[in-house]
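Next up, data.cif (mmCIF, N, CA and C atoms):
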data_upload
#
loop_
_atom_site.label_atom_id
_atom_site.label_comp_id
_atom_site.auth_asym_id
_atom_site.auth_seq_id
_atom_site.Cartn_x
_atom_site.Cartn_y
_atom_site.Cartn_z
N MET R 1 -23.99 -7.32 -8.74
CA MET R 1 -23.03 -6.25 -8.53
C MET R 1 -21.62 -6.81 -8.45
N ALA R 2 -20.70 -6.08 -8.99
CA ALA R 2 -19.29 -6.46 -8.88
C ALA R 2 -18.77 -6.09 -7.49
N LYS R 3 -17.84 -6.87 -7.01
CA LYS R 3 -17.21 -6.63 -5.72
C LYS R 3 -15.71 -6.54 -5.94
N THR R 4 -15.07 -5.46 -5.52
CA THR R 4 -13.62 -5.37 -5.66
C THR R 4 -12.97 -6.33 -4.68
N ILE R 5 -12.00 -7.10 -5.16
CA ILE R 5 -11.38 -8.11 -4.30
C ILE R 5 -9.87 -7.94 -4.14
N HIS R 6 -9.19 -7.41 -5.17
CA HIS R 6 -7.76 -7.17 -5.00
C HIS R 6 -7.23 -6.21 -6.06
N SER R 7 -6.05 -5.70 -5.78
CA SER R 7 -5.30 -4.92 -6.74
C SER R 7 -3.91 -5.53 -6.79
N MET R 8 -3.29 -5.58 -7.98
CA MET R 8 -2.01 -6.23 -8.14
C MET R 8 -0.93 -5.21 -8.47
N ILE R 9 0.24 -5.40 -7.85
CA ILE R 9 1.43 -4.64 -8.22
C ILE R 9 2.59 -5.61 -8.35
N ARG R 10 3.55 -5.25 -9.20
CA ARG R 10 4.75 -6.07 -9.37
C ARG R 10 5.83 -5.55 -8.44
N VAL R 11 6.47 -6.46 -7.74
CA VAL R 11 7.53 -6.07 -6.81
C VAL R 11 8.81 -6.83 -7.13
N LEU R 12 9.92 -6.22 -6.81
CA LEU R 12 11.22 -6.79 -7.13
C LEU R 12 11.69 -7.78 -6.08
N ASP R 13 11.50 -7.45 -4.81
CA ASP R 13 12.04 -8.26 -3.71
C ASP R 13 10.90 -8.67 -2.78
N GLU R 14 10.56 -9.94 -2.82
CA GLU R 14 9.42 -10.45 -2.03
C GLU R 14 9.55 -10.14 -0.54
N ASP R 15 10.67 -10.49 0.06
CA ASP R 15 10.84 -10.30 1.50
C ASP R 15 10.74 -8.84 1.91
N ARG R 16 11.38 -7.98 1.15
CA ARG R 16 11.36 -6.54 1.43
C ARG R 16 9.94 -5.99 1.35
N SER R 17 9.19 -6.40 0.34
CA SER R 17 7.81 -5.91 0.17
C SER R 17 6.88 -6.46 1.23
N VAL R 18 6.97 -7.76 1.51
CA VAL R 18 6.12 -8.36 2.55
C VAL R 18 6.38 -7.69 3.89
N SER R 19 7.64 -7.44 4.20
CA SER R 19 7.99 -6.78 5.45
C SER R 19 7.41 -5.36 5.51
N PHE R 20 7.54 -4.61 4.43
CA PHE R 20 7.01 -3.24 4.40
C PHE R 20 5.50 -3.23 4.63
N TYR R 21 4.75 -4.04 3.89
CA TYR R 21 3.29 -4.01 4.01
C TYR R 21 2.80 -4.53 5.35
N ASP R 22 3.56 -5.42 5.97
CA ASP R 22 3.22 -5.86 7.31
C ASP R 22 3.48 -4.74 8.31
N LYS R 23 4.66 -4.17 8.25
CA LYS R 23 5.04 -3.11 9.19
C LYS R 23 4.15 -1.88 9.03
N ALA R 24 3.87 -1.49 7.80
CA ALA R 24 3.11 -0.26 7.54
C ALA R 24 1.61 -0.44 7.78
N PHE R 25 1.03 -1.55 7.33
CA PHE R 25 -0.42 -1.69 7.31
C PHE R 25 -0.96 -2.95 7.95
N GLY R 26 -0.08 -3.75 8.55
CA GLY R 26 -0.54 -4.98 9.19
C GLY R 26 -1.06 -6.01 8.19
N LEU R 27 -0.61 -5.91 6.94
CA LEU R 27 -1.03 -6.88 5.92
C LEU R 27 -0.14 -8.11 6.01
N LYS R 28 -0.77 -9.26 6.09
CA LYS R 28 -0.05 -10.54 6.20
C LYS R 28 -0.32 -11.36 4.95
N VAL R 29 0.56 -12.29 4.67
CA VAL R 29 0.36 -13.18 3.52
C VAL R 29 -0.80 -14.12 3.83
N ALA R 30 -1.88 -13.99 3.06
CA ALA R 30 -3.06 -14.83 3.21
C ALA R 30 -2.97 -16.06 2.31
N ASP R 31 -2.26 -15.92 1.20
CA ASP R 31 -2.10 -17.03 0.27
C ASP R 31 -0.86 -16.77 -0.58
N ARG R 32 -0.29 -17.86 -1.03
CA ARG R 32 0.91 -17.78 -1.87
C ARG R 32 0.76 -18.83 -2.96
N LEU R 33 0.86 -18.41 -4.21
CA LEU R 33 0.79 -19.32 -5.34
C LEU R 33 2.11 -19.23 -6.10
N ASP R 34 2.85 -20.32 -6.11
CA ASP R 34 4.17 -20.34 -6.72
C ASP R 34 4.10 -21.05 -8.06
N PHE R 35 4.59 -20.39 -9.11
CA PHE R 35 4.62 -20.93 -10.46
C PHE R 35 6.06 -20.90 -10.96
N PRO R 36 6.36 -21.59 -12.06
CA PRO R 36 7.75 -21.62 -12.54
C PRO R 36 8.35 -20.23 -12.81
N ASP R 37 7.56 -19.30 -13.35
CA ASP R 37 8.11 -18.01 -13.75
C ASP R 37 7.75 -16.85 -12.81
N PHE R 38 6.81 -17.06 -11.92
CA PHE R 38 6.39 -15.98 -11.03
C PHE R 38 5.71 -16.54 -9.79
N THR R 39 5.60 -15.70 -8.77
CA THR R 39 4.90 -16.03 -7.53
C THR R 39 3.87 -14.96 -7.27
N LEU R 40 2.68 -15.37 -6.84
CA LEU R 40 1.63 -14.44 -6.45
C LEU R 40 1.45 -14.53 -4.94
N LEU R 41 1.48 -13.38 -4.28
CA LEU R 41 1.26 -13.32 -2.83
C LEU R 41 0.04 -12.43 -2.60
N TYR R 42 -0.91 -12.93 -1.83
CA TYR R 42 -2.11 -12.17 -1.50
C TYR R 42 -2.00 -11.72 -0.06
N LEU R 43 -1.98 -10.40 0.14
CA LEU R 43 -1.85 -9.82 1.47
C LEU R 43 -3.19 -9.25 1.93
N SER R 44 -3.50 -9.47 3.21
CA SER R 44 -4.75 -8.94 3.75
C SER R 44 -4.64 -8.76 5.25
N ASN R 45 -5.66 -8.12 5.81
CA ASN R 45 -5.79 -8.02 7.26
C ASN R 45 -7.27 -8.13 7.62
N ALA R 46 -7.56 -8.17 8.90
CA ALA R 46 -8.94 -8.37 9.36
C ALA R 46 -9.82 -7.14 9.12
N GLU R 47 -9.22 -6.00 8.81
CA GLU R 47 -9.95 -4.75 8.64
C GLU R 47 -10.83 -4.75 7.38
N SER R 48 -10.40 -5.51 6.36
CA SER R 48 -11.10 -5.46 5.07
C SER R 48 -10.94 -6.79 4.34
N GLY R 49 -11.88 -7.10 3.49
CA GLY R 49 -11.77 -8.29 2.66
C GLY R 49 -10.94 -8.05 1.41
N PHE R 50 -10.59 -6.81 1.15
CA PHE R 50 -9.81 -6.45 -0.03
C PHE R 50 -8.37 -6.92 0.17
N GLU R 51 -7.76 -7.44 -0.89
CA GLU R 51 -6.39 -7.94 -0.81
C GLU R 51 -5.48 -7.17 -1.76
N LEU R 52 -4.20 -7.11 -1.38
CA LEU R 52 -3.17 -6.60 -2.26
C LEU R 52 -2.41 -7.81 -2.80
N GLU R 53 -2.38 -7.94 -4.11
CA GLU R 53 -1.67 -9.05 -4.75
C GLU R 53 -0.30 -8.55 -5.18
N LEU R 54 0.74 -9.18 -4.65
CA LEU R 54 2.10 -8.88 -5.07
C LEU R 54 2.54 -9.94 -6.08
N THR R 55 2.99 -9.50 -7.23
CA THR R 55 3.52 -10.41 -8.23
C THR R 55 5.04 -10.28 -8.24
N VAL R 56 5.71 -11.40 -8.03
CA VAL R 56 7.17 -11.43 -8.05
C VAL R 56 7.56 -12.25 -9.28
N ASN R 57 8.06 -11.56 -10.30
CA ASN R 57 8.50 -12.24 -11.52
C ASN R 57 9.92 -12.75 -11.30
N LYS R 58 10.08 -14.07 -11.39
CA LYS R 58 11.39 -14.68 -11.16
C LYS R 58 12.34 -14.27 -12.27
N GLY R 59 13.55 -13.94 -11.90
CA GLY R 59 14.54 -13.51 -12.88
C GLY R 59 14.55 -12.00 -13.09
N GLN R 60 13.57 -11.28 -12.56
CA GLN R 60 13.55 -9.82 -12.69
C GLN R 60 14.62 -9.25 -11.77
N THR R 61 15.57 -8.51 -12.34
CA THR R 61 16.65 -7.95 -11.53
C THR R 61 16.62 -6.43 -11.50
N GLU R 62 15.99 -5.81 -12.45
CA GLU R 62 15.92 -4.35 -12.51
C GLU R 62 14.60 -3.86 -11.91
N PRO R 63 14.63 -2.71 -11.24
CA PRO R 63 13.37 -2.15 -10.72
C PRO R 63 12.38 -1.92 -11.86
N TYR R 64 11.11 -2.03 -11.54
CA TYR R 64 10.06 -1.79 -12.53
C TYR R 64 9.95 -0.30 -12.82
N ASP R 65 9.64 0.02 -14.07
CA ASP R 65 9.36 1.39 -14.46
C ASP R 65 7.88 1.63 -14.21
N LEU R 66 7.57 2.48 -13.24
CA LEU R 66 6.17 2.72 -12.89
C LEU R 66 5.47 3.60 -13.91
N GLY R 67 6.21 4.22 -14.79
CA GLY R 67 5.61 5.01 -15.85
C GLY R 67 4.85 6.21 -15.33
N ASN R 68 3.97 6.74 -16.16
CA ASN R 68 3.21 7.91 -15.75
C ASN R 68 1.72 7.62 -15.61
N GLY R 69 1.36 6.34 -15.57
CA GLY R 69 -0.04 5.97 -15.47
C GLY R 69 -0.47 5.59 -14.06
N TYR R 70 0.48 5.14 -13.24
CA TYR R 70 0.13 4.72 -11.89
C TYR R 70 -0.13 5.92 -11.02
N GLY R 71 -1.19 5.86 -10.20
CA GLY R 71 -1.51 6.93 -9.27
C GLY R 71 -1.11 6.55 -7.86
N HIS R 72 -2.00 5.87 -7.14
CA HIS R 72 -1.69 5.44 -5.79
C HIS R 72 -2.75 4.49 -5.27
N LEU R 73 -2.39 3.75 -4.24
CA LEU R 73 -3.35 2.99 -3.43
C LEU R 73 -3.72 3.90 -2.28
N ALA R 74 -4.85 3.64 -1.62
CA ALA R 74 -5.24 4.43 -0.46
C ALA R 74 -5.76 3.52 0.63
N VAL R 75 -5.42 3.87 1.87
CA VAL R 75 -5.94 3.18 3.05
C VAL R 75 -6.45 4.24 4.01
N SER R 76 -7.40 3.87 4.86
CA SER R 76 -7.88 4.80 5.87
C SER R 76 -7.53 4.27 7.25
N VAL R 77 -7.29 5.20 8.19
CA VAL R 77 -6.92 4.85 9.56
C VAL R 77 -7.73 5.69 10.53
N ASP R 78 -7.85 5.19 11.76
CA ASP R 78 -8.61 5.91 12.79
C ASP R 78 -7.93 7.17 13.28
N ASP R 79 -6.60 7.15 13.41
CA ASP R 79 -5.87 8.27 14.00
C ASP R 79 -4.66 8.59 13.12
N ILE R 80 -4.84 9.52 12.20
CA ILE R 80 -3.80 9.85 11.23
C ILE R 80 -2.53 10.37 11.89
N ASP R 81 -2.68 11.16 12.97
CA ASP R 81 -1.49 11.70 13.65
C ASP R 81 -0.67 10.58 14.27
N ALA R 82 -1.33 9.65 14.95
CA ALA R 82 -0.63 8.52 15.57
C ALA R 82 0.03 7.64 14.51
N GLU R 83 -0.66 7.43 13.39
CA GLU R 83 -0.08 6.60 12.32
C GLU R 83 1.14 7.28 11.72
N HIS R 84 1.06 8.58 11.51
CA HIS R 84 2.21 9.31 10.95
C HIS R 84 3.41 9.17 11.89
N GLN R 85 3.18 9.33 13.18
CA GLN R 85 4.26 9.17 14.15
C GLN R 85 4.81 7.75 14.15
N ARG R 86 3.91 6.76 14.05
CA ARG R 86 4.34 5.36 14.02
C ARG R 86 5.19 5.08 12.78
N PHE R 87 4.77 5.60 11.62
CA PHE R 87 5.53 5.42 10.39
C PHE R 87 6.92 6.03 10.53
N GLU R 88 6.99 7.23 11.12
CA GLU R 88 8.29 7.86 11.34
C GLU R 88 9.15 7.01 12.27
N ALA R 89 8.58 6.53 13.36
CA ALA R 89 9.33 5.71 14.33
C ALA R 89 9.82 4.40 13.70
N GLN R 90 9.05 3.86 12.75
CA GLN R 90 9.42 2.61 12.08
C GLN R 90 10.43 2.84 10.94
N GLY R 91 10.76 4.11 10.67
CA GLY R 91 11.69 4.41 9.58
C GLY R 91 11.09 4.23 8.21
N LEU R 92 9.77 4.39 8.08
CA LEU R 92 9.09 4.18 6.80
C LEU R 92 9.04 5.44 5.93
N ALA R 93 9.59 6.54 6.42
CA ALA R 93 9.73 7.78 5.66
C ALA R 93 8.41 8.32 5.10
N PRO R 94 7.41 8.54 5.96
CA PRO R 94 6.18 9.15 5.46
C PRO R 94 6.43 10.60 5.06
N ARG R 95 5.70 11.07 4.06
CA ARG R 95 5.79 12.48 3.72
C ARG R 95 4.97 13.29 4.73
N LYS R 96 4.98 14.58 4.62
CA LYS R 96 4.33 15.44 5.61
C LYS R 96 2.81 15.23 5.63
N LEU R 97 2.23 15.47 6.80
CA LEU R 97 0.77 15.45 6.95
C LEU R 97 0.18 16.65 6.22
N VAL R 98 -0.92 16.42 5.52
CA VAL R 98 -1.58 17.47 4.75
C VAL R 98 -3.03 17.56 5.19
N GLU R 99 -3.50 18.78 5.39
CA GLU R 99 -4.93 19.03 5.59
C GLU R 99 -5.44 19.63 4.29
N PHE R 100 -6.29 18.88 3.59
CA PHE R 100 -6.79 19.31 2.29
C PHE R 100 -8.08 20.08 2.50
N ALA R 101 -8.03 21.38 2.22
CA ALA R 101 -9.18 22.26 2.44
C ALA R 101 -9.34 23.21 1.26
N PRO R 102 -9.76 22.69 0.10
CA PRO R 102 -9.81 23.52 -1.10
C PRO R 102 -10.78 24.71 -1.02
N ALA R 103 -11.85 24.60 -0.23
CA ALA R 103 -12.81 25.71 -0.11
C ALA R 103 -12.81 26.27 1.32
N GLY R 104 -11.73 26.02 2.05
CA GLY R 104 -11.63 26.53 3.41
C GLY R 104 -12.02 25.53 4.48
N GLU R 105 -12.75 24.50 4.13
CA GLU R 105 -13.15 23.46 5.08
C GLU R 105 -12.31 22.21 4.83
N VAL R 106 -11.73 21.66 5.89
CA VAL R 106 -10.91 20.46 5.75
C VAL R 106 -11.80 19.29 5.35
N ILE R 107 -11.51 18.72 4.18
CA ILE R 107 -12.28 17.56 3.74
C ILE R 107 -11.47 16.27 3.81
N ALA R 108 -10.15 16.40 4.00
CA ALA R 108 -9.31 15.21 4.13
C ALA R 108 -8.01 15.60 4.84
N LYS R 109 -7.52 14.66 5.65
CA LYS R 109 -6.21 14.80 6.27
C LYS R 109 -5.46 13.52 5.93
N PHE R 110 -4.25 13.67 5.38
CA PHE R 110 -3.56 12.50 4.85
C PHE R 110 -2.06 12.72 4.78
N PHE R 111 -1.35 11.62 4.51
CA PHE R 111 0.05 11.67 4.12
C PHE R 111 0.28 10.55 3.12
N PHE R 112 1.37 10.66 2.38
CA PHE R 112 1.78 9.62 1.43
C PHE R 112 3.04 8.94 1.94
N VAL R 113 3.20 7.69 1.55
CA VAL R 113 4.41 6.93 1.81
C VAL R 113 4.66 6.08 0.57
N ALA R 114 5.93 5.84 0.27
CA ALA R 114 6.29 5.00 -0.87
C ALA R 114 6.71 3.63 -0.36
N ASP R 115 6.29 2.58 -1.08
CA ASP R 115 6.74 1.24 -0.72
C ASP R 115 8.14 1.02 -1.30
N PRO R 116 8.78 -0.13 -1.05
CA PRO R 116 10.15 -0.34 -1.53
C PRO R 116 10.33 -0.25 -3.03
N ASP R 117 9.25 -0.44 -3.81
CA ASP R 117 9.35 -0.35 -5.26
C ASP R 117 8.93 1.01 -5.80
N GLY R 118 8.60 1.93 -4.91
CA GLY R 118 8.23 3.28 -5.35
C GLY R 118 6.74 3.51 -5.52
N TYR R 119 5.91 2.49 -5.27
CA TYR R 119 4.47 2.69 -5.36
C TYR R 119 4.03 3.64 -4.25
N GLN R 120 3.21 4.60 -4.59
CA GLN R 120 2.73 5.58 -3.62
C GLN R 120 1.47 5.07 -2.94
N ILE R 121 1.39 5.28 -1.63
CA ILE R 121 0.23 4.87 -0.84
C ILE R 121 -0.23 6.08 -0.05
N GLU R 122 -1.49 6.41 -0.19
CA GLU R 122 -2.08 7.52 0.56
C GLU R 122 -2.72 6.96 1.83
N VAL R 123 -2.37 7.55 2.96
CA VAL R 123 -2.93 7.15 4.24
C VAL R 123 -3.83 8.30 4.69
N LEU R 124 -5.15 8.02 4.78
CA LEU R 124 -6.15 9.04 5.06
C LEU R 124 -6.77 8.85 6.44
N GLN R 125 -7.10 9.97 7.07
CA GLN R 125 -7.90 9.94 8.29
C GLN R 125 -9.28 9.38 7.94
N ARG R 126 -9.71 8.36 8.67
CA ARG R 126 -11.01 7.75 8.41
C ARG R 126 -12.12 8.74 8.77
N GLY R 127 -13.10 8.86 7.88
CA GLY R 127 -14.24 9.73 8.12
C GLY R 127 -14.77 10.27 6.80
N GLY R 128 -15.98 10.81 6.85
CA GLY R 128 -16.60 11.35 5.63
C GLY R 128 -16.67 10.29 4.56
N ARG R 129 -16.17 10.61 3.38
CA ARG R 129 -16.20 9.63 2.29
C ARG R 129 -15.05 8.62 2.38
N TYR R 130 -14.12 8.85 3.31
CA TYR R 130 -12.95 7.98 3.45
C TYR R 130 -13.15 7.03 4.62
N LYS R 131 -13.96 6.02 4.40
CA LYS R 131 -14.29 5.06 5.47
C LYS R 131 -13.33 3.96 5.45
#

For this file, produce the structure as structure tokens.
Amino acid sequence: MAKTIHSMIRVLDEDRSVSFYDKAFGLKVADRLDFPDFTLLYLSNAESGFELELTVNKGQTEPYDLGNGYGHLAVSVDDIDAEHQRFEAQGLAPRKLVEFAPAGEVIAKFFFVADPDGYQIEVLQRGGRYK
């Protein structure tokens, strides 16, 4: 069986991105691989073995065009209300809390936040299929 181990995104400013992912999700740099033209940073926390790989292309000065193909990353948390308040207090600009109930029953409670490069991250209340 295949095991998912990481997802990669390109970021413009290493320090800004590392700070955001630490502040927002407690992700710390687990490994750093520096090459002449780019740097790879692997971020993780004790909650999961899955890593977020940040690629910093040296010499890139313009923001990346995210195009129309990127959707979002998703994380789950124990207390969505407390996390939303924490994000607001940290100045991370979370969007409004949403209760998703397409057939009248709430199946998900979540909010979105954008990282410094514009990547969207969905923060979901842990439970049901969102473990």

Convert the output of the PyMOL selection byres ((chain R and resi 38) around 5) on the shown file into explicit residues, formatted as a list of chain:residue names. R:Phe35, R:Pro36, R:Asp37, R:Thr39, R:Leu40, R:Val56, R:Asn57, R:Lys58

Tell me, which residues of segment 13-77 of chain R carry DSSP alpha helix (DSSP H), written as an NGL selection string? :R and (14-25)

How far is it from atom CA of Thr61 of chain R to atom CA of Asp15 of chain R, in Å with one decimal?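 Taking atom CA of Thr61 of chain R and atom CA of Asp15 of chain R, their separation equals 14.5 Å.
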
Residues proximal to (-8.3, 5.1, 1.9) were defined as those with any atom within 7 Å of that point in the file's coordinates, counting only N, CA and C atoms. Which are they, as a PyMOL selection string? chain R and resi 73-77+122-124+130-131

Here is a test: counting all atoms listed in the file, which residue of R:Ala103, R:Ala46, R:Asp31, R:Glu62 is nearest to Leu12 of chain R? R:Glu62

Give as a PyMOL selection string the residues that the PyMOL selection byres (((chain R and resi 83-88 and name CA) around 10) and name CA) matches when applied to the coordinates above. chain R and resi 23-25+77-82+89-97+110-113+123-125
